[in-house]
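Visitor: Starting off with a structure, shown below.
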Amino acid sequence: MIHKKWLVSIAAASLLVSGSSFAASAAPVPGGAENWAKPSAAKIQTYKVEEKLLYTKADVQWSREQLDKFQNSDRYKQFFPAFDLQVHESVDTRAKMIVSNLPGAKFTRTKAGYTKGEEIKLSVLDISALAQDRPYIFYTAWLNLLEDHPSISLSSIQRYSQPGGSLNDLSGSKDLLSRNGFTNAEPLDIKYNRLGLPLGFDDLFKQYPHQKEHSAYKVKSYSLIDSKDALNAFKTEAAKTLHDSFDSEKVQFAVTFNKPISTQVLKNSAEKYDWSLNQIYAAGITANKEEYTISWFDSDIEIASLLRLQQEGFTQFNLTELEGTATVEGLNKLRIDLNPDVIEIAPLDEPAPTGIHWLNQKFLNQ
């Protein structure tokens, strides 16, 4: 059951979506066509619940001159802007939720190691949908597990897609936009121990449950899907690959839904479908039909409930994509039970598949 006081705290997070500001911690940064990924304007805000929860929000935009440098007409030469969020001074801080209205937003995580904190990358894949001088937002909720004083750096980077391969960073393209942490974050008048968080929410040993990600984590590129026909051909091939695979084979997978799916399907799903979820995506639709991408890494259904319809102002909130590892047999059970749009699989030693909800939005709604 979702605790009402926790929902009140998340209601405060909805102010980020509506544009209300907390602590302005960075002035607009200059940008230009020669450095096309770095926003022409950026505003960074942070606030906290005691020393336990840190919220970081960025408003970013690009000029017309910069957008002209984004290459989206040549499917073999796709460059796009991205952002890097890196934890410093702590290996015990975790990203619990990411929200953005950037078109084609996809998130990847590099787990914390022994000496380096967690890292999140946000890639803006649908660059043709970007509008000049329009502010876009993304914000993250971070959990501080121990009594550290971490900071989060936000940098812009240039990425490119390798046709038939993976998404990659362009070497030397990182530009620091801000670095903020608990020390200078605006405090909220909320007590962490009164939030009624789920059992194990801040347990140090339950943050990466059964999730096995490769040390050099890469996700697939879908730059060759440049039309509705190409999208349908991809889905046909994905279905054939799943059908022809052995039931006992352990694979990486990405499931994309094309109809409203409740987060209730996550309950007891690990036992039912023999899978381990690495990442979950949902879409929140506002009254004016604007879509926000919401992502989190915990399969606990309480995490999905960090955003509620009433608190966030969404008129719809549904699962769109699931990513992780599973047996082929388990994925076939899911296919029969839920009839998803597509299930893509890949061997464990190849770049990981990722959901294609953004491609459905791009080509099927035209």
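In the structure tokens, each chain is lettered A, B, ... as it comes, each chain's residues begin at 1, and ligands are numbered from 1 in order of appearance.
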Skipping near chain neighbours, those fewer than 4 positions away, what residues fall within 8 Å of Leu176 in chain A using only C-alpha atoms, listed as JSON, numbers by chain?

Guide: {"A": [153, 154, 155, 156]}

Visitor: Go through range 40-139 of chain A and collect every residue that DSSP, computed from the backbone, puts in strand (DSSP E or B); the answer should be as a count of residues only.

Guide: 54

Visitor: Work out how far CA of Glu237 in chain A is from CA of Leu224 in chain A, in Å to one decimal.

Guide: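 So the two atoms, CA of Leu224 in chain A and CA of Glu237 in chain A, lie 13.8 Å apart.
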
Visitor: For Leu338 in chain A, which of A:Lys228, A:Lys48, A:Lys259, A:Lys57 is the closest residue, counting only C-alpha atoms?

Guide: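 Among A:Lys228, A:Lys48, A:Lys259, A:Lys57, it is A:Lys259 that comes nearest to Leu338 in chain A.
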
Visitor: Please list as a short mmCIF file (atom, residue, chain, number, x, y, z; two decimals) with all heavy atoms, in the first residue's frame every residue within 12 Å of Ser276 in chain A, counting only C-alpha atoms and excluding residues in the same chain fewer than 4 positions away.

Guide:
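What ended up in result-v7.cif:
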```
data_model
loop_
_atom_site.label_atom_id
_atom_site.label_comp_id
_atom_site.auth_asym_id
_atom_site.auth_seq_id
_atom_site.Cartn_x
_atom_site.Cartn_y
_atom_site.Cartn_z
N TYR A 208 20.79 -3.20 -5.77
CA TYR A 208 20.97 -3.81 -7.07
C TYR A 208 20.52 -5.27 -7.01
O TYR A 208 21.31 -6.20 -7.18
CB TYR A 208 22.44 -3.77 -7.50
CG TYR A 208 23.00 -2.38 -7.72
CD1 TYR A 208 24.29 -2.07 -7.31
CD2 TYR A 208 22.27 -1.39 -8.35
CE1 TYR A 208 24.84 -0.82 -7.51
CE2 TYR A 208 22.80 -0.13 -8.56
CZ TYR A 208 24.09 0.16 -8.14
OH TYR A 208 24.62 1.41 -8.35
N PRO A 209 19.25 -5.54 -6.74
CA PRO A 209 18.81 -6.92 -6.52
C PRO A 209 18.83 -7.76 -7.79
O PRO A 209 18.10 -7.50 -8.75
CB PRO A 209 17.37 -6.74 -6.01
CG PRO A 209 16.92 -5.46 -6.61
CD PRO A 209 18.14 -4.59 -6.69
N HIS A 210 19.71 -8.75 -7.80
CA HIS A 210 19.75 -9.75 -8.86
C HIS A 210 19.97 -9.15 -10.24
O HIS A 210 19.68 -9.79 -11.25
CB HIS A 210 18.45 -10.57 -8.88
CG HIS A 210 18.04 -11.07 -7.54
ND1 HIS A 210 18.80 -11.95 -6.81
CD2 HIS A 210 16.95 -10.81 -6.78
CE1 HIS A 210 18.21 -12.21 -5.67
NE2 HIS A 210 17.08 -11.53 -5.62
N GLN A 211 20.50 -7.95 -10.30
CA GLN A 211 20.69 -7.32 -11.60
C GLN A 211 22.14 -7.47 -12.02
O GLN A 211 23.05 -7.01 -11.34
CB GLN A 211 20.30 -5.84 -11.56
CG GLN A 211 18.82 -5.62 -11.27
CD GLN A 211 18.47 -4.16 -11.21
OE1 GLN A 211 19.32 -3.31 -11.33
NE2 GLN A 211 17.19 -3.85 -11.02
N LYS A 212 22.35 -8.13 -13.13
CA LYS A 212 23.69 -8.36 -13.64
C LYS A 212 23.90 -7.55 -14.91
O LYS A 212 23.41 -7.89 -15.97
CB LYS A 212 23.90 -9.85 -13.91
CG LYS A 212 23.79 -10.71 -12.65
CD LYS A 212 23.98 -12.18 -12.96
CE LYS A 212 23.85 -13.02 -11.70
NZ LYS A 212 24.00 -14.47 -11.98
N GLU A 213 24.62 -6.45 -14.76
CA GLU A 213 24.91 -5.62 -15.91
C GLU A 213 26.39 -5.75 -16.25
O GLU A 213 27.23 -5.92 -15.38
CB GLU A 213 24.56 -4.15 -15.62
CG GLU A 213 23.07 -3.94 -15.37
CD GLU A 213 22.76 -2.53 -14.93
OE1 GLU A 213 23.65 -1.68 -15.03
OE2 GLU A 213 21.63 -2.29 -14.48
N LYS A 250 19.13 -18.28 -21.89
CA LYS A 250 19.08 -17.05 -21.10
C LYS A 250 19.51 -15.90 -22.00
O LYS A 250 20.57 -15.95 -22.64
CB LYS A 250 20.01 -17.16 -19.90
CG LYS A 250 19.84 -16.06 -18.85
CD LYS A 250 18.55 -16.23 -18.10
CE LYS A 250 18.48 -15.28 -16.90
NZ LYS A 250 19.37 -15.69 -15.81
N VAL A 251 18.70 -14.86 -22.08
CA VAL A 251 18.93 -13.77 -23.02
C VAL A 251 18.69 -12.42 -22.35
O VAL A 251 18.06 -12.32 -21.30
CB VAL A 251 18.00 -13.90 -24.25
CG1 VAL A 251 18.33 -15.14 -25.06
CG2 VAL A 251 16.52 -13.88 -23.83
N GLN A 252 19.20 -11.38 -22.99
CA GLN A 252 18.79 -10.02 -22.68
C GLN A 252 17.51 -9.73 -23.46
O GLN A 252 17.32 -10.25 -24.55
CB GLN A 252 19.86 -9.01 -23.09
CG GLN A 252 21.20 -9.19 -22.41
CD GLN A 252 22.20 -8.17 -22.93
OE1 GLN A 252 22.39 -7.12 -22.33
NE2 GLN A 252 22.85 -8.48 -24.04
N PHE A 253 16.64 -8.90 -22.89
CA PHE A 253 15.39 -8.62 -23.59
C PHE A 253 14.95 -7.18 -23.38
O PHE A 253 15.35 -6.50 -22.43
CB PHE A 253 14.28 -9.57 -23.12
CG PHE A 253 13.76 -9.25 -21.73
CD1 PHE A 253 12.74 -8.32 -21.56
CD2 PHE A 253 14.29 -9.87 -20.62
CE1 PHE A 253 12.27 -8.01 -20.28
CE2 PHE A 253 13.82 -9.58 -19.34
CZ PHE A 253 12.81 -8.65 -19.18
N ALA A 254 14.10 -6.73 -24.30
CA ALA A 254 13.38 -5.47 -24.16
C ALA A 254 11.95 -5.71 -24.64
O ALA A 254 11.75 -6.17 -25.77
CB ALA A 254 14.04 -4.36 -24.97
N LEU A 266 3.97 -6.09 -12.50
CA LEU A 266 5.28 -6.32 -11.90
C LEU A 266 5.20 -7.18 -10.65
O LEU A 266 6.19 -7.77 -10.23
CB LEU A 266 5.95 -4.99 -11.56
CG LEU A 266 6.21 -4.04 -12.73
CD1 LEU A 266 6.84 -2.77 -12.24
CD2 LEU A 266 7.06 -4.70 -13.79
N ASN A 268 5.01 -10.09 -8.37
CA ASN A 268 5.34 -11.52 -8.50
C ASN A 268 5.77 -11.91 -9.91
O ASN A 268 5.72 -13.08 -10.29
CB ASN A 268 4.15 -12.40 -8.09
CG ASN A 268 3.70 -12.15 -6.66
OD1 ASN A 268 4.54 -11.99 -5.77
ND2 ASN A 268 2.40 -12.12 -6.43
N SER A 269 6.20 -10.92 -10.71
CA SER A 269 6.57 -11.21 -12.09
C SER A 269 7.86 -12.00 -12.21
O SER A 269 8.03 -12.78 -13.14
CB SER A 269 6.68 -9.91 -12.89
OG SER A 269 7.72 -9.09 -12.36
N ALA A 270 8.79 -11.82 -11.27
CA ALA A 270 10.07 -12.53 -11.35
C ALA A 270 9.86 -14.04 -11.30
O ALA A 270 10.50 -14.79 -12.04
CB ALA A 270 10.99 -12.08 -10.22
N GLU A 271 8.96 -14.49 -10.41
CA GLU A 271 8.69 -15.91 -10.32
C GLU A 271 7.89 -16.40 -11.53
O GLU A 271 8.13 -17.49 -12.04
CB GLU A 271 7.91 -16.22 -9.04
CG GLU A 271 8.67 -15.94 -7.75
CD GLU A 271 8.67 -14.48 -7.34
OE1 GLU A 271 7.97 -13.67 -8.02
OE2 GLU A 271 9.38 -14.13 -6.39
N LYS A 272 6.97 -15.60 -12.00
CA LYS A 272 6.09 -16.03 -13.08
C LYS A 272 6.80 -16.12 -14.42
O LYS A 272 6.60 -17.07 -15.19
CB LYS A 272 4.91 -15.07 -13.19
CG LYS A 272 3.84 -15.53 -14.17
CD LYS A 272 2.63 -14.63 -14.10
CE LYS A 272 1.50 -15.14 -15.00
NZ LYS A 272 0.30 -14.27 -14.93
N ILE A 280 12.79 -0.10 -15.98
CA ILE A 280 11.36 -0.01 -16.26
C ILE A 280 11.06 1.38 -16.79
O ILE A 280 11.58 2.38 -16.26
CB ILE A 280 10.54 -0.28 -14.98
CG1 ILE A 280 10.89 -1.66 -14.41
CG2 ILE A 280 9.04 -0.18 -15.26
CD1 ILE A 280 10.48 -1.84 -12.96
N PHE A 297 14.70 1.75 -11.77
CA PHE A 297 15.50 0.54 -11.87
C PHE A 297 15.10 -0.53 -10.87
O PHE A 297 15.69 -1.61 -10.87
CB PHE A 297 16.99 0.87 -11.68
CG PHE A 297 17.48 1.94 -12.63
CD1 PHE A 297 17.52 3.28 -12.25
CD2 PHE A 297 17.87 1.62 -13.91
CE1 PHE A 297 17.96 4.26 -13.12
CE2 PHE A 297 18.31 2.60 -14.80
CZ PHE A 297 18.35 3.92 -14.40
N ASP A 298 14.12 -0.25 -10.04
CA ASP A 298 13.67 -1.19 -9.02
C ASP A 298 12.37 -1.84 -9.47
O ASP A 298 11.41 -1.14 -9.81
CB ASP A 298 13.43 -0.48 -7.68
CG ASP A 298 14.67 0.27 -7.22
OD1 ASP A 298 14.93 1.37 -7.76
OD2 ASP A 298 15.34 -0.22 -6.32
N SER A 299 12.32 -3.15 -9.41
CA SER A 299 11.10 -3.84 -9.84
C SER A 299 10.01 -3.83 -8.77
O SER A 299 8.88 -4.23 -9.02
CB SER A 299 11.41 -5.29 -10.23
OG SER A 299 12.01 -5.99 -9.15
N ASP A 300 10.35 -3.35 -7.55
CA ASP A 300 9.35 -3.22 -6.50
C ASP A 300 8.24 -2.29 -6.98
O ASP A 300 8.47 -1.17 -7.43
CB ASP A 300 10.02 -2.62 -5.25
CG ASP A 300 9.11 -2.63 -4.04
OD1 ASP A 300 7.89 -2.56 -4.20
OD2 ASP A 300 9.64 -2.69 -2.92
N LEU A 322 9.97 -2.71 -20.65
CA LEU A 322 10.67 -3.43 -19.61
C LEU A 322 11.96 -3.98 -20.21
O LEU A 322 11.96 -4.49 -21.33
CB LEU A 322 9.82 -4.59 -19.07
CG LEU A 322 8.46 -4.23 -18.48
CD1 LEU A 322 7.67 -5.51 -18.17
CD2 LEU A 322 8.62 -3.40 -17.21
N GLU A 323 13.05 -3.90 -19.46
CA GLU A 323 14.34 -4.37 -19.94
C GLU A 323 15.01 -5.21 -18.87
O GLU A 323 14.91 -4.91 -17.68
CB GLU A 323 15.24 -3.20 -20.33
CG GLU A 323 14.65 -2.31 -21.42
CD GLU A 323 15.45 -1.04 -21.66
OE1 GLU A 323 16.57 -0.94 -21.10
OE2 GLU A 323 14.97 -0.16 -22.40
N GLY A 324 15.70 -6.27 -19.28
CA GLY A 324 16.40 -7.10 -18.33
C GLY A 324 16.92 -8.37 -18.95
O GLY A 324 17.24 -8.42 -20.16
N THR A 325 17.01 -9.44 -18.14
CA THR A 325 17.43 -10.75 -18.62
C THR A 325 16.36 -11.77 -18.23
O THR A 325 15.68 -11.62 -17.21
CB THR A 325 18.78 -11.17 -18.02
OG1 THR A 325 18.69 -11.14 -16.60
CG2 THR A 325 19.89 -10.24 -18.48
N ALA A 326 16.22 -12.82 -19.04
CA ALA A 326 15.19 -13.83 -18.80
C ALA A 326 15.49 -15.05 -19.64
O ALA A 326 16.36 -15.04 -20.53
CB ALA A 326 13.80 -13.28 -19.14
N THR A 327 14.75 -16.11 -19.38
CA THR A 327 14.77 -17.26 -20.28
C THR A 327 13.77 -17.03 -21.40
O THR A 327 12.79 -16.29 -21.24
CB THR A 327 14.40 -18.56 -19.54
OG1 THR A 327 13.06 -18.45 -19.04
CG2 THR A 327 15.37 -18.84 -18.40
N GLY A 330 10.28 -17.98 -20.32
CA GLY A 330 9.57 -16.97 -19.54
C GLY A 330 9.02 -15.86 -20.40
O GLY A 330 7.91 -15.37 -20.17
N LEU A 331 9.78 -15.45 -21.41
CA LEU A 331 9.32 -14.38 -22.30
C LEU A 331 8.14 -14.83 -23.16
O LEU A 331 7.25 -14.04 -23.48
CB LEU A 331 10.48 -13.91 -23.17
CG LEU A 331 11.61 -13.20 -22.43
CD1 LEU A 331 12.77 -12.92 -23.36
CD2 LEU A 331 11.13 -11.92 -21.77
#
```

Visitor: Check the smallest atom-to-atom distance from each of A:Ala239, A:Ala287, A:Leu122, A:Ile152 to Phe314 in chain A using only C-alpha atoms, then report the winner.

Guide: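 When distances to Phe314 in chain A are compared using only C-alpha atoms, the smallest one comes from A:Ala287.
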
Visitor: Using only C-alpha atoms, can you tell me which of A:Ala95, A:Val87, A:Leu242, A:Leu188 comes closest to Glu329 in chain A?

Guide: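 Closest residue, counting only C-alpha atoms: A:Leu242.
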
Visitor: Would you kindly return, as a PyMOL selection string, each protein, DNA or RNA residue with an atom no farther than 12 Å from any atom of Lys38 in chain A, considering only C-alpha atoms and excluding same-chain residues fewer than 2 positions away?

Guide: chain A and resi 28-36+40-42+60-63+66-67+69-70+80-84+154-159+173-177

Visitor: Okay, now the selection with N, CA and C atoms, as a short mmCIF file (atom, residue, chain, number, x, y, z; two decimals), in the first residue's frame?

Guide:
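Result file selection-v1.cif:
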```cif
data_model
loop_
_atom_site.label_atom_id
_atom_site.label_comp_id
_atom_site.auth_asym_id
_atom_site.auth_seq_id
_atom_site.Cartn_x
_atom_site.Cartn_y
_atom_site.Cartn_z
N PRO A 28 22.34 30.46 -16.81
CA PRO A 28 22.35 29.95 -18.18
C PRO A 28 23.77 29.87 -18.73
N VAL A 29 24.04 28.83 -19.45
CA VAL A 29 25.38 28.64 -19.99
C VAL A 29 25.38 28.96 -21.48
N PRO A 30 26.47 29.50 -21.98
CA PRO A 30 26.52 29.81 -23.40
C PRO A 30 26.66 28.56 -24.23
N GLY A 31 26.12 28.60 -25.42
CA GLY A 31 26.28 27.47 -26.35
C GLY A 31 26.36 28.01 -27.75
N GLY A 32 26.78 27.20 -28.67
CA GLY A 32 26.88 27.64 -30.04
C GLY A 32 26.88 26.45 -30.96
N ALA A 33 26.76 26.72 -32.24
CA ALA A 33 26.70 25.64 -33.21
C ALA A 33 27.98 24.83 -33.23
N GLU A 34 29.11 25.48 -32.90
CA GLU A 34 30.37 24.76 -32.89
C GLU A 34 30.41 23.73 -31.75
N ASN A 35 29.55 23.89 -30.78
CA ASN A 35 29.43 22.94 -29.67
C ASN A 35 27.95 22.61 -29.54
N TRP A 36 27.43 21.89 -30.52
CA TRP A 36 25.98 21.78 -30.71
C TRP A 36 25.26 21.04 -29.60
N SER A 40 22.07 25.96 -25.29
CA SER A 40 22.27 27.40 -25.38
C SER A 40 21.84 28.09 -24.10
N ALA A 41 20.97 27.42 -23.33
CA ALA A 41 20.56 27.91 -22.01
C ALA A 41 20.26 26.71 -21.13
N ALA A 42 20.65 26.82 -19.87
CA ALA A 42 20.40 25.73 -18.92
C ALA A 42 20.21 26.32 -17.53
N VAL A 60 16.63 22.79 -20.06
CA VAL A 60 17.62 22.98 -21.12
C VAL A 60 16.93 23.32 -22.43
N GLN A 61 17.65 24.02 -23.30
CA GLN A 61 17.13 24.33 -24.62
C GLN A 61 18.29 24.55 -25.58
N TRP A 62 17.96 24.46 -26.88
CA TRP A 62 18.97 24.64 -27.93
C TRP A 62 18.48 25.67 -28.93
N SER A 63 19.42 26.35 -29.57
CA SER A 63 19.10 27.37 -30.57
C SER A 63 18.84 26.72 -31.93
N GLN A 66 22.03 25.52 -33.48
CA GLN A 66 22.50 24.24 -32.97
C GLN A 66 21.70 23.08 -33.54
N LEU A 67 20.38 23.22 -33.58
CA LEU A 67 19.55 22.14 -34.10
C LEU A 67 19.91 21.80 -35.54
N LYS A 69 22.75 21.59 -36.65
CA LYS A 69 23.94 20.75 -36.63
C LYS A 69 23.62 19.31 -36.26
N PHE A 70 22.43 19.08 -35.70
CA PHE A 70 22.03 17.71 -35.39
C PHE A 70 21.78 16.99 -36.71
N PHE A 80 23.54 12.99 -31.83
CA PHE A 80 22.46 13.56 -31.03
C PHE A 80 23.00 14.00 -29.67
N PRO A 81 22.32 14.95 -29.02
CA PRO A 81 22.77 15.44 -27.71
C PRO A 81 22.42 14.46 -26.61
N ALA A 82 23.18 14.51 -25.55
CA ALA A 82 22.94 13.65 -24.40
C ALA A 82 23.47 14.35 -23.16
N PHE A 83 23.13 13.78 -22.00
CA PHE A 83 23.56 14.33 -20.72
C PHE A 83 24.11 13.23 -19.83
N ASP A 84 25.09 13.59 -19.05
CA ASP A 84 25.74 12.65 -18.14
C ASP A 84 25.56 13.17 -16.71
N LEU A 154 26.48 17.46 -13.66
CA LEU A 154 25.69 17.36 -14.88
C LEU A 154 26.52 17.89 -16.04
N SER A 155 26.72 17.07 -17.05
CA SER A 155 27.50 17.46 -18.22
C SER A 155 26.71 17.15 -19.48
N SER A 156 26.91 17.96 -20.50
CA SER A 156 26.38 17.63 -21.82
C SER A 156 27.44 16.85 -22.58
N ILE A 157 27.00 15.93 -23.40
CA ILE A 157 27.92 15.16 -24.23
C ILE A 157 27.31 14.96 -25.61
N GLN A 158 28.16 14.69 -26.57
CA GLN A 158 27.72 14.37 -27.91
C GLN A 158 27.79 12.85 -28.08
N ARG A 159 26.71 12.26 -28.57
CA ARG A 159 26.67 10.82 -28.79
C ARG A 159 26.39 10.54 -30.27
N SER A 173 33.90 15.21 -25.90
CA SER A 173 32.77 16.13 -26.12
C SER A 173 32.07 16.56 -24.83
N LYS A 174 32.54 16.11 -23.68
CA LYS A 174 31.85 16.41 -22.43
C LYS A 174 32.09 17.85 -21.98
N ASP A 175 31.00 18.55 -21.64
CA ASP A 175 31.06 19.91 -21.10
C ASP A 175 30.31 19.96 -19.78
N LEU A 176 30.99 20.34 -18.71
CA LEU A 176 30.37 20.44 -17.40
C LEU A 176 29.39 21.60 -17.36
N LEU A 177 28.15 21.33 -16.95
CA LEU A 177 27.14 22.37 -16.80
C LEU A 177 26.97 22.80 -15.36
#
```

Visitor: For Thr56 in chain A, please output as a list in words all residues within 6 Å (counting only C-alpha atoms; exclusion window: fewer than 6 positions along the same chain).

Guide: Gln45, Thr46, Tyr139 and Thr140 of chain A

Visitor: Using only C-alpha atoms, find each residue of range 115-176 of chain A with at least one atom at most 12 Å away from an atom of range 201-205 of chain A; report its shortest atom-to-atom pair and that distance in Å (one decimal), sort the rows by chain and rising residue number, and return the result as CSV.

Guide:
```
residue,atom,partner,partner_atom,distance
A:Trp142,CA,A:Asp202,CA,10.9
A:Leu143,CA,A:Asp202,CA,7.3
A:Asn144,CA,A:Asp202,CA,8.0
A:Leu145,CA,A:Asp202,CA,5.9
A:Leu146,CA,A:Leu204,CA,8.2
A:Glu147,CA,A:Leu204,CA,11.9
```

Visitor: At a cut-off of 10 Å, using only C-alpha atoms, what residues contact Lys333 in chain A? Leave out same-chain residues fewer than 6 positions from it and give the result as a list of chain:residue names.

Guide: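 In the requested format, the answer is A:Lys272, A:Tyr273, A:Asp274, A:Asn339.
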
Visitor: Provide the CA of Lys289 in chain A to CA of Pro340 in chain A distance in Å, to one decimal place.

Guide: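 The value is 23.0 Å.
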
Visitor: What separation in Å, quoted to one decimal, exists between CA of Gly355 in chain A and CA of Ser171 in chain A?

Guide: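 A separation of 25.9 Å between them.
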
Visitor: Which residues come within 7 Å of His149 in chain A, counting only C-alpha atoms, excluding same-chain residues fewer than 2 positions away, as a list in words?

Guide: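 Once the nearby chain positions are removed, what remains is Glu89, Glu147, Ser151 and Phe182 of chain A.
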
Visitor: Please save C-alpha atoms of the selected residues as a tab-separated table (two decimals), in the first residue's frame.

Guide:
```
chain	number	residue	atom	x	y	z
A	89	GLU	CA	32.23	11.77	-3.12
A	147	GLU	CA	26.16	9.64	5.85
A	151	SER	CA	27.49	15.88	-5.23
A	182	PHE	CA	23.25	18.07	-0.48
```

Visitor: My list of candidates is A:Ile343, A:Ile356, A:Ile285, A:Leu167. Which is closest to Asn101 in chain A when distances are computed with only C-alpha atoms?

Guide: A:Ile285

Visitor: Taking the backbone alone, and naming residues the way the document does, which bits of range 54-283 of chain A are helix (DSSP H, G or I) by DSSP, as JSON, numbers by chain?

Guide: {"A": [64, 65, 66, 67, 127, 128, 129, 192, 193, 194, 204, 205, 206, 228, 229, 230, 231, 232, 233, 234, 235, 236, 237, 238, 239, 240, 241, 242, 243, 244, 263, 264, 265, 266, 269, 270, 271, 272, 273]}

Visitor: Select, from A:Ala346, A:Leu197, A:Ile225, A:Val124, the residue with the minimum atom-to-atom distance to Asp74 in chain A, counting only C-alpha atoms.

Guide: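 Closest to Asp74 in chain A of all the choices is A:Ile225.
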
Visitor: Could you tell me which of A:Pro187, A:Gly196, A:Gly117, A:Pro353 comes closest to Gln279 in chain A if we count only C-alpha atoms?

Guide: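 Going through A:Pro187, A:Gly196, A:Gly117, A:Pro353 one by one, the smallest distance to Gln279 in chain A is for A:Pro353.
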